[in-house]
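Student: To start, I am sharing the structure in question, which I have written as structure tokens.
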Amino acid sequence: MTYTFVLVHGANHDGSAWDRVITRLEELGHTAFGPTVRGHGPDGAKQLSHTQSTNSIVDFIVERELSDIVLVGHSFGGSFISKVAEAIPERIRRLVYWSALVLQDGEAPIDAAPPSARQLFTQLAAQSPDNTLLPPFPIFRELYMNDGDVELARIVYAKLWPAPFNQVIEPIELKKFYDLPTPRSYLFGTEDMTMPPGEWSWHPRMSNRLGLYRLVQMSGGHELFFTNPSGLADKLVEAGRD
Amino acid sequence: MTYTFVLVHGANHDGSAWDRVITRLEELGHTAFGPTVRGHGPDGAKQLSHTQSTNSIVDFIVERELSDIVLVGHSFGGSFISKVAEAIPERIRRLVYWSALVLQDGEAPIDAAPPSARQLFTQLAAQSPDNTLLPPFPIFRELYMNDGDVELARIVYAKLWPAPFNQVIEPIELKKFYDLPTPRSYLFGTEDMTMPPGEWSWHPRMSNRLGLYRLVQMSGGHELFFTNPSGLADKLVEAGRD
Amino acid sequence: MTYTFVLVHGANHDGSAWDRVITRLEELGHTAFGPTVRGHGPDGAKQLSHTQSTNSIVDFIVERELSDIVLVGHSFGGSFISKVAEAIPERIRRLVYWSALVLQDGEAPIDAAPPSARQLFTQLAAQSPDNTLLPPFPIFRELYMNDGDVELARIVYAKLWPAPFNQVIEPIELKKFYDLPTPRSYLFGTEDMTMPPGEWSWHPRMSNRLGLYRLVQMSGGHELFFTNPSGLADKLVEAGRD
């Protein structure tokens, strides 16, 4: 059986992050799209609301008349797919959170980060010219790309975009989400350090909020679409299939 | 060196669950048996006591004059092998708990489950015609078979049997077990979700009760005898050898 | 890019433990040294202070005029490399802690062990003729070598040396260490049981003390230089590179 994947990147990336993942998914017979979220990536408008960004994904799906989709969210992208699921649940076959935010109703994305990270993010945004967020290279190299070499880390870092900080601190209403019957999976790279292991970890802290969900794990860090795109694609299938 | 394995299934399975594991163990030169526990599987008598079920394994071992055995318990089967070890410790070379219950003296199996699961099990048994327990398919597919595809999940689900609920709520006396010097190992599939990750996880919650024990881990979920029987056999050797 | 590794063993080993790791590192084009720490291994003087042992590593590095090194500490060796880093930070490119102690300022190594282990270590030292520590074989086999077979466990055990207990209970001053900017990594074998999983685990308990660090994980136990020397070397490169 083959599936239609819509892959939603997180903060700092654009849709091209999925390029090699899509190549592999297509080799396996699946269909896959990696749209760039509005207000992110090369989009110069860095002050859009979370709702405006979410709507760009909804529009992408509706305009292409995609249905029965496996909707994947990476990292910050988890906050988008929960809202997309509220907007067009009838088009979604399964939600896949890959080291992604699973927010509670009324929680802002920044609330999910440990106190030290919250402080760092706030400082970085304050120091930026346009209230945006970009992790310094040493943090990116050690915590995001620990499973890659430094040359790859530099190549990927050069492709990052500052992310709109206003969305990071915006409380997200999720009144409908927790009543949706949509099947859901959580994919976790066991060396992902963008949330610290222990009390503040992605899994099981975020994942256990999903109720009944399927866990899929693989080795690797936060940037598997660059450090192991083919392996990531295989695990997205494992997470996304019925 | 080769070993004699006696493999004890958990609730809902019968001895045939081990068929492909036994094939692999025999290929490696070992001897292996996978008896069906009385009161479980095709046995129509679903109201036997935990002691009666345990005795069927003791009888199986004694009648065949098996000694120096590696006694493996899976899931609920952990509660049986602890009692078998109390009954015939002189015949057991090593105990292997594979994602299995390690009960404390006087604890009922259901006490080891998180509160939400206890409530679900009680409801399922009450709704059954004969006070038995069978997980609904969506739970089986997501929490037991997360590492397999849905076709395999359906095939395995069709082979399951309702399990006697009276054994699930029966307090188990284990006065002798915690004084036994029998070497013991714990084998854990790192994606096993039948106990939720965190406070209620199989490992290290159950495993650490064993005192000095050998930990063996592999990737996969709760039904590795179907999703990776050969890999499981290899890890059972790693767990079961001296 | 190639690196110069200085590999510091822990208690009970000597420098020869690294032999096959060094072979692999050299195959990959790196340079690697595995000195025996003074007061450890065949050195008959088992009452040297922690500082005297540390100084033997400092001397080894300085005498050979090694610089830009990746300094690796295994287990107890973690307590040495933190002190070496205080002494000659200008020679160290990166610190790698492999299932190793990351002590807090003023903490003794024994403080990092769980209460039951502290008691056992104290008894073993008291029973020894010369206030030294050597784990009994059953503990070594189950907790240190759980990923190897018993024949290999016996071979490695026969190579162990009693370790000076006075260093285990000596509080270590680390006033400068926590201000050093030296990059650091933590390598963890996911089946390492020499610290029990949970509250007292190596990772993330010890690792999170490092501040910003790179996590690298691999499967295996505490004696990977014997159970998987080539795989360990590959992961030391992943941990040690820029």
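FYI, nothing fancy with the structure tokens labels: chains A, B, ... in order, residues from 1 per chain, ligands from 1 as they appear.
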Using only C-alpha atoms and a distance of at most 7 Å, pull out the residues of chain B that contact chain A, as a PDB file with all heavy atoms, in the first residue's frame.
Tutor:
```
ATOM      1  N   GLU B 142      -1.290  -0.638  17.720  1.00  0.00           N
ATOM      2  CA  GLU B 142      -0.419   0.508  18.030  1.00  0.00           C
ATOM      3  C   GLU B 142       0.564   0.210  19.157  1.00  0.00           C
ATOM      4  O   GLU B 142       1.720   0.630  19.091  1.00  0.00           O
ATOM      5  CB  GLU B 142      -1.265   1.741  18.398  1.00  0.00           C
ATOM      6  CG  GLU B 142      -2.224   2.220  17.311  1.00  0.00           C
ATOM      7  CD  GLU B 142      -1.560   2.708  16.022  1.00  0.00           C
ATOM      8  OE1 GLU B 142      -0.591   2.086  15.560  1.00  0.00           O
ATOM      9  OE2 GLU B 142      -2.038   3.708  15.465  1.00  0.00           O
ATOM     10  N   LEU B 143       0.134  -0.481  20.193  1.00  0.00           N
ATOM     11  CA  LEU B 143       0.984  -0.634  21.380  1.00  0.00           C
ATOM     12  C   LEU B 143       1.746  -1.961  21.418  1.00  0.00           C
ATOM     13  O   LEU B 143       2.792  -2.044  22.047  1.00  0.00           O
ATOM     14  CB  LEU B 143       0.148  -0.502  22.656  1.00  0.00           C
ATOM     15  CG  LEU B 143      -0.582   0.836  22.850  1.00  0.00           C
ATOM     16  CD1 LEU B 143      -1.212   0.880  24.234  1.00  0.00           C
ATOM     17  CD2 LEU B 143       0.344   2.025  22.647  1.00  0.00           C
ATOM     18  N   ASN B 146       3.685  -2.157  17.053  1.00  0.00           N
ATOM     19  CA  ASN B 146       4.095  -0.912  16.405  1.00  0.00           C
ATOM     20  C   ASN B 146       5.256  -1.107  15.443  1.00  0.00           C
ATOM     21  O   ASN B 146       5.485  -0.289  14.551  1.00  0.00           O
ATOM     22  CB  ASN B 146       4.439   0.175  17.441  1.00  0.00           C
ATOM     23  CG  ASN B 146       5.313  -0.311  18.590  1.00  0.00           C
ATOM     24  OD1 ASN B 146       5.178  -1.449  19.036  1.00  0.00           O
ATOM     25  ND2 ASN B 146       6.195   0.538  19.069  1.00  0.00           N
ATOM     26  N   VAL B 150       0.414  -3.550   9.233  1.00  0.00           N
ATOM     27  CA  VAL B 150      -0.949  -3.839   9.683  1.00  0.00           C
ATOM     28  C   VAL B 150      -1.403  -5.224   9.226  1.00  0.00           C
ATOM     29  O   VAL B 150      -2.206  -5.869   9.910  1.00  0.00           O
ATOM     30  CB  VAL B 150      -1.922  -2.716   9.237  1.00  0.00           C
ATOM     31  CG1 VAL B 150      -2.146  -2.751   7.732  1.00  0.00           C
ATOM     32  CG2 VAL B 150      -3.239  -2.804   9.992  1.00  0.00           C
ATOM     33  N   GLU B 191      11.189  -0.475  21.832  1.00  0.00           N
ATOM     34  CA  GLU B 191       9.946   0.189  21.396  1.00  0.00           C
ATOM     35  C   GLU B 191       8.706  -0.498  21.965  1.00  0.00           C
ATOM     36  O   GLU B 191       7.588  -0.272  21.486  1.00  0.00           O
ATOM     37  CB  GLU B 191       9.870   0.241  19.873  1.00  0.00           C
ATOM     38  CG  GLU B 191      10.761   1.307  19.264  1.00  0.00           C
ATOM     39  CD  GLU B 191      12.221   0.892  19.285  1.00  0.00           C
ATOM     40  OE1 GLU B 191      12.501  -0.300  19.075  1.00  0.00           O
ATOM     41  OE2 GLU B 191      13.082   1.747  19.552  1.00  0.00           O
ATOM     42  N   PRO B 197       6.235   4.198  28.325  1.00  0.00           N
ATOM     43  CA  PRO B 197       7.552   4.672  28.714  1.00  0.00           C
ATOM     44  C   PRO B 197       7.433   5.697  29.844  1.00  0.00           C
ATOM     45  O   PRO B 197       6.468   6.448  29.892  1.00  0.00           O
ATOM     46  CB  PRO B 197       8.095   5.330  27.444  1.00  0.00           C
ATOM     47  CG  PRO B 197       6.906   5.587  26.582  1.00  0.00           C
ATOM     48  CD  PRO B 197       5.876   4.575  26.950  1.00  0.00           C
ATOM     49  N   GLY B 198       8.411   5.663  30.729  1.00  0.00           N
ATOM     50  CA  GLY B 198       8.380   6.574  31.877  1.00  0.00           C
ATOM     51  C   GLY B 198       8.175   5.782  33.155  1.00  0.00           C
ATOM     52  O   GLY B 198       8.661   4.667  33.300  1.00  0.00           O
TER      53      GLY B 198
END
```
Student: Report as a ChimeraX atom specification all protein, DNA and RNA residues lying within 12 Å of Gly39 in chain A, evaluated on only C-alpha atoms, omitting residues in the same chain fewer than 2 positions from it.
Tutor: /A:10-14,36-37,41-57,132,161-167
Student: Considering only C-alpha atoms, state which residue in the set A:Pro89, A:Pro115, A:Gly34, A:Pro181 is at the smallest distance from His74 in chain A.
Tutor: A:Gly34
Student: Run DSSP on the backbone and give me the residues of range 71-126 of chain C it puts in strand (DSSP E or B), as a count of residues only.
Tutor: 12
Student: If we count only C-alpha atoms and set the cut-off at 10 Å, which residues sit around Ser75 in chain A, ignoring sequence neighbours fewer than 3 positions away in its own chain? Please answer as JSON, numbers by chain.
Tutor: {"A": [8, 9, 10, 11, 78, 79, 80, 97, 98, 99, 100, 101, 102, 194, 202, 222, 223]}
Student: Restricting it to all heavy atoms, dump the selection as a short mmCIF file (atom, residue, chain, number, x, y, z; two decimals), in the first residue's frame.
Tutor:
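Generated output (part39.cif):
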```cif
data_model
loop_
_atom_site.label_atom_id
_atom_site.label_comp_id
_atom_site.auth_asym_id
_atom_site.auth_seq_id
_atom_site.Cartn_x
_atom_site.Cartn_y
_atom_site.Cartn_z
N VAL A 8 5.77 18.72 6.94
CA VAL A 8 5.79 20.10 7.41
C VAL A 8 7.04 20.33 8.27
O VAL A 8 7.19 19.72 9.34
CB VAL A 8 4.52 20.43 8.23
CG1 VAL A 8 4.56 21.88 8.72
CG2 VAL A 8 3.28 20.18 7.36
N HIS A 9 7.92 21.18 7.76
CA HIS A 9 9.17 21.47 8.46
C HIS A 9 8.92 22.30 9.73
O HIS A 9 7.83 22.82 9.94
CB HIS A 9 10.13 22.22 7.52
CG HIS A 9 9.61 23.56 7.09
ND1 HIS A 9 9.70 24.68 7.87
CD2 HIS A 9 8.97 23.94 5.95
CE1 HIS A 9 9.15 25.71 7.25
NE2 HIS A 9 8.69 25.29 6.07
N GLY A 10 9.96 22.47 10.53
CA GLY A 10 9.87 23.27 11.74
C GLY A 10 10.50 24.64 11.56
O GLY A 10 10.71 25.10 10.44
N ALA A 11 10.80 25.30 12.67
CA ALA A 11 11.46 26.60 12.63
C ALA A 11 12.82 26.46 11.97
O ALA A 11 13.45 25.41 12.04
CB ALA A 11 11.62 27.13 14.05
N GLY A 78 5.23 20.40 14.59
CA GLY A 78 4.18 19.69 15.33
C GLY A 78 3.05 20.61 15.74
O GLY A 78 1.88 20.21 15.75
N SER A 79 3.40 21.87 16.05
CA SER A 79 2.35 22.81 16.47
C SER A 79 1.45 23.17 15.29
O SER A 79 0.27 23.48 15.48
CB SER A 79 2.96 24.06 17.10
OG SER A 79 3.66 24.84 16.14
N PHE A 80 2.00 23.12 14.06
CA PHE A 80 1.17 23.38 12.88
C PHE A 80 0.23 22.20 12.57
O PHE A 80 -0.94 22.39 12.30
CB PHE A 80 2.04 23.67 11.65
CG PHE A 80 2.86 24.92 11.76
CD1 PHE A 80 4.20 24.92 11.42
CD2 PHE A 80 2.28 26.12 12.18
CE1 PHE A 80 4.96 26.08 11.51
CE2 PHE A 80 3.03 27.29 12.27
CZ PHE A 80 4.38 27.26 11.94
N TYR A 97 4.17 12.87 14.33
CA TYR A 97 5.01 13.88 15.00
C TYR A 97 6.43 13.33 15.06
O TYR A 97 6.67 12.30 15.69
CB TYR A 97 4.49 14.15 16.42
CG TYR A 97 3.13 14.80 16.43
CD1 TYR A 97 1.98 14.03 16.28
CD2 TYR A 97 2.98 16.17 16.55
CE1 TYR A 97 0.71 14.63 16.26
CE2 TYR A 97 1.73 16.78 16.54
CZ TYR A 97 0.60 16.00 16.39
OH TYR A 97 -0.64 16.59 16.36
N TRP A 98 7.36 14.02 14.38
CA TRP A 98 8.76 13.59 14.40
C TRP A 98 9.54 14.58 15.27
O TRP A 98 9.74 15.70 14.86
CB TRP A 98 9.32 13.53 12.97
CG TRP A 98 10.81 13.49 12.94
CD1 TRP A 98 11.64 12.84 13.81
CD2 TRP A 98 11.67 14.15 12.01
NE1 TRP A 98 12.96 13.05 13.47
CE2 TRP A 98 13.00 13.85 12.37
CE3 TRP A 98 11.45 14.96 10.90
CZ2 TRP A 98 14.09 14.34 11.66
CZ3 TRP A 98 12.54 15.46 10.20
CH2 TRP A 98 13.84 15.13 10.57
N SER A 99 9.94 14.14 16.46
CA SER A 99 10.60 15.03 17.45
C SER A 99 9.91 16.38 17.41
O SER A 99 10.54 17.42 17.22
CB SER A 99 12.09 15.17 17.15
OG SER A 99 12.77 13.96 17.37
N ALA A 100 8.63 16.34 17.62
CA ALA A 100 7.78 17.50 17.34
C ALA A 100 6.97 17.90 18.56
O ALA A 100 6.69 17.08 19.45
CB ALA A 100 6.84 17.18 16.18
N LEU A 101 6.58 19.16 18.57
CA LEU A 101 5.74 19.69 19.63
C LEU A 101 4.35 19.07 19.61
O LEU A 101 3.71 19.01 18.56
CB LEU A 101 5.60 21.21 19.48
CG LEU A 101 6.87 22.04 19.70
CD1 LEU A 101 6.57 23.51 19.39
CD2 LEU A 101 7.39 21.88 21.11
N VAL A 102 3.91 18.62 20.75
CA VAL A 102 2.51 18.25 20.96
C VAL A 102 2.03 19.18 22.07
O VAL A 102 2.26 18.92 23.26
CB VAL A 102 2.35 16.77 21.38
CG1 VAL A 102 0.88 16.43 21.57
CG2 VAL A 102 3.00 15.85 20.34
N THR A 194 17.79 18.31 21.06
CA THR A 194 17.24 19.67 21.05
C THR A 194 16.28 19.88 22.22
O THR A 194 16.01 21.03 22.58
CB THR A 194 16.55 19.97 19.71
OG1 THR A 194 15.61 18.93 19.42
CG2 THR A 194 17.59 20.02 18.59
N TRP A 202 11.77 15.17 24.42
CA TRP A 202 10.68 15.04 23.45
C TRP A 202 9.81 13.84 23.81
O TRP A 202 8.59 13.94 23.91
CB TRP A 202 11.25 14.81 22.04
CG TRP A 202 11.91 15.99 21.40
CD1 TRP A 202 13.24 16.15 21.16
CD2 TRP A 202 11.26 17.17 20.88
NE1 TRP A 202 13.47 17.35 20.53
CE2 TRP A 202 12.27 18.00 20.34
CE3 TRP A 202 9.94 17.60 20.82
CZ2 TRP A 202 11.99 19.23 19.74
CZ3 TRP A 202 9.65 18.83 20.22
CH2 TRP A 202 10.67 19.62 19.70
N HIS A 222 18.44 15.49 15.49
CA HIS A 222 17.28 16.29 15.11
C HIS A 222 17.21 16.57 13.62
O HIS A 222 16.18 16.99 13.12
CB HIS A 222 17.33 17.62 15.88
CG HIS A 222 16.03 18.36 15.93
ND1 HIS A 222 14.91 17.86 16.56
CD2 HIS A 222 15.66 19.57 15.43
CE1 HIS A 222 13.91 18.73 16.45
NE2 HIS A 222 14.34 19.77 15.76
N GLU A 223 18.32 16.34 12.90
CA GLU A 223 18.36 16.76 11.49
C GLU A 223 18.50 15.55 10.57
O GLU A 223 19.25 15.57 9.58
CB GLU A 223 19.53 17.74 11.28
CG GLU A 223 19.45 18.98 12.15
CD GLU A 223 18.31 19.92 11.76
OE1 GLU A 223 18.15 20.20 10.57
OE2 GLU A 223 17.59 20.37 12.68
#
```
Student: Which of range 77-227 of chain C counts as helix (DSSP H, G or I) under DSSP, as a PyMOL selection string please?
Tutor: chain C and resi 77-87+89-91+109-112+115-127+137-144+150-158+165-168+177-179+202-210+224-227
Student: How many Å separate CA of Ala117 in chain B from CA of Pro129 in chain B?
Tutor: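 Computing it gives 20.0 Å between the two atoms.
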Student: Which neighbours of Met195 in chain C fall inside 8 Å, counting only C-alpha atoms, when residues of the same chain fewer than 4 positions from it are skipped, and could you give them as a list of chain:residue names?
Tutor: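 Answer for this query is C:Ala113, C:Pro114, C:Trp200, C:Ser201, C:Trp202.
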Student: For those residues, write all heavy atoms to a file as a PDB file, in the first residue's frame.
Tutor:
```
ATOM      1  N   ALA C 113      28.247   7.006  42.990  1.00  0.00           N
ATOM      2  CA  ALA C 113      27.654   5.663  42.941  1.00  0.00           C
ATOM      3  C   ALA C 113      26.412   5.597  43.818  1.00  0.00           C
ATOM      4  O   ALA C 113      26.311   6.321  44.816  1.00  0.00           O
ATOM      5  CB  ALA C 113      28.675   4.628  43.399  1.00  0.00           C
ATOM      6  N   PRO C 114      25.462   4.735  43.478  1.00  0.00           N
ATOM      7  CA  PRO C 114      24.281   4.586  44.327  1.00  0.00           C
ATOM      8  C   PRO C 114      24.672   3.983  45.690  1.00  0.00           C
ATOM      9  O   PRO C 114      25.695   3.308  45.801  1.00  0.00           O
ATOM     10  CB  PRO C 114      23.379   3.625  43.544  1.00  0.00           C
ATOM     11  CG  PRO C 114      24.229   3.007  42.503  1.00  0.00           C
ATOM     12  CD  PRO C 114      25.405   3.896  42.278  1.00  0.00           C
ATOM     13  N   TRP C 200      20.196   6.768  38.883  1.00  0.00           N
ATOM     14  CA  TRP C 200      21.649   6.781  39.070  1.00  0.00           C
ATOM     15  C   TRP C 200      22.419   6.508  37.786  1.00  0.00           C
ATOM     16  O   TRP C 200      23.619   6.198  37.825  1.00  0.00           O
ATOM     17  CB  TRP C 200      22.042   5.742  40.135  1.00  0.00           C
ATOM     18  CG  TRP C 200      21.595   6.127  41.491  1.00  0.00           C
ATOM     19  CD1 TRP C 200      20.427   5.768  42.106  1.00  0.00           C
ATOM     20  CD2 TRP C 200      22.278   6.992  42.423  1.00  0.00           C
ATOM     21  NE1 TRP C 200      20.352   6.347  43.353  1.00  0.00           N
ATOM     22  CE2 TRP C 200      21.475   7.094  43.574  1.00  0.00           C
ATOM     23  CE3 TRP C 200      23.503   7.683  42.381  1.00  0.00           C
ATOM     24  CZ2 TRP C 200      21.842   7.870  44.675  1.00  0.00           C
ATOM     25  CZ3 TRP C 200      23.868   8.439  43.485  1.00  0.00           C
ATOM     26  CH2 TRP C 200      23.041   8.530  44.614  1.00  0.00           C
ATOM     27  N   SER C 201      21.782   6.607  36.645  1.00  0.00           N
ATOM     28  CA  SER C 201      22.405   6.232  35.370  1.00  0.00           C
ATOM     29  C   SER C 201      23.561   7.167  34.984  1.00  0.00           C
ATOM     30  O   SER C 201      23.610   8.333  35.391  1.00  0.00           O
ATOM     31  CB  SER C 201      21.349   6.273  34.267  1.00  0.00           C
ATOM     32  OG  SER C 201      20.841   7.584  34.157  1.00  0.00           O
ATOM     33  N   TRP C 202      24.500   6.633  34.184  1.00  0.00           N
ATOM     34  CA  TRP C 202      25.562   7.462  33.608  1.00  0.00           C
ATOM     35  C   TRP C 202      24.950   8.638  32.841  1.00  0.00           C
ATOM     36  O   TRP C 202      25.308   9.788  33.052  1.00  0.00           O
ATOM     37  CB  TRP C 202      26.402   6.637  32.632  1.00  0.00           C
ATOM     38  CG  TRP C 202      27.286   5.608  33.240  1.00  0.00           C
ATOM     39  CD1 TRP C 202      27.129   4.251  33.166  1.00  0.00           C
ATOM     40  CD2 TRP C 202      28.499   5.823  33.999  1.00  0.00           C
ATOM     41  NE1 TRP C 202      28.159   3.613  33.823  1.00  0.00           N
ATOM     42  CE2 TRP C 202      29.019   4.562  34.338  1.00  0.00           C
ATOM     43  CE3 TRP C 202      29.192   6.953  34.413  1.00  0.00           C
ATOM     44  CZ2 TRP C 202      30.199   4.400  35.073  1.00  0.00           C
ATOM     45  CZ3 TRP C 202      30.358   6.802  35.139  1.00  0.00           C
ATOM     46  CH2 TRP C 202      30.851   5.538  35.466  1.00  0.00           C
TER      47      TRP C 202
END
```
Student: Do a neighbour search on Glu90 in chain C at 9 Å with only C-alpha atoms, toss out local chain neighbours closer than 5 positions, and write the hits as a PyMOL selection string.
Tutor: chain C and resi 67-68+85
Student: Go ahead and save the residues from that selection, with N, CA, C and O atoms, as a short mmCIF file (atom, residue, chain, number, x, y, z; two decimals), in the first residue's frame.
Tutor:
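After the write, selection12.cif holds the following:
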```
data_model
loop_
_atom_site.label_atom_id
_atom_site.label_comp_id
_atom_site.auth_asym_id
_atom_site.auth_seq_id
_atom_site.Cartn_x
_atom_site.Cartn_y
_atom_site.Cartn_z
N SER C 67 49.74 17.94 21.29
CA SER C 67 48.83 19.07 21.43
C SER C 67 47.63 18.84 20.52
O SER C 67 47.63 17.91 19.70
N ASP C 68 46.61 19.68 20.71
CA ASP C 68 45.41 19.56 19.89
C ASP C 68 44.78 18.17 20.04
O ASP C 68 44.26 17.61 19.07
N ALA C 85 42.35 18.44 32.08
CA ALA C 85 41.85 19.62 31.36
C ALA C 85 42.12 20.90 32.15
O ALA C 85 42.40 21.95 31.57
#
```
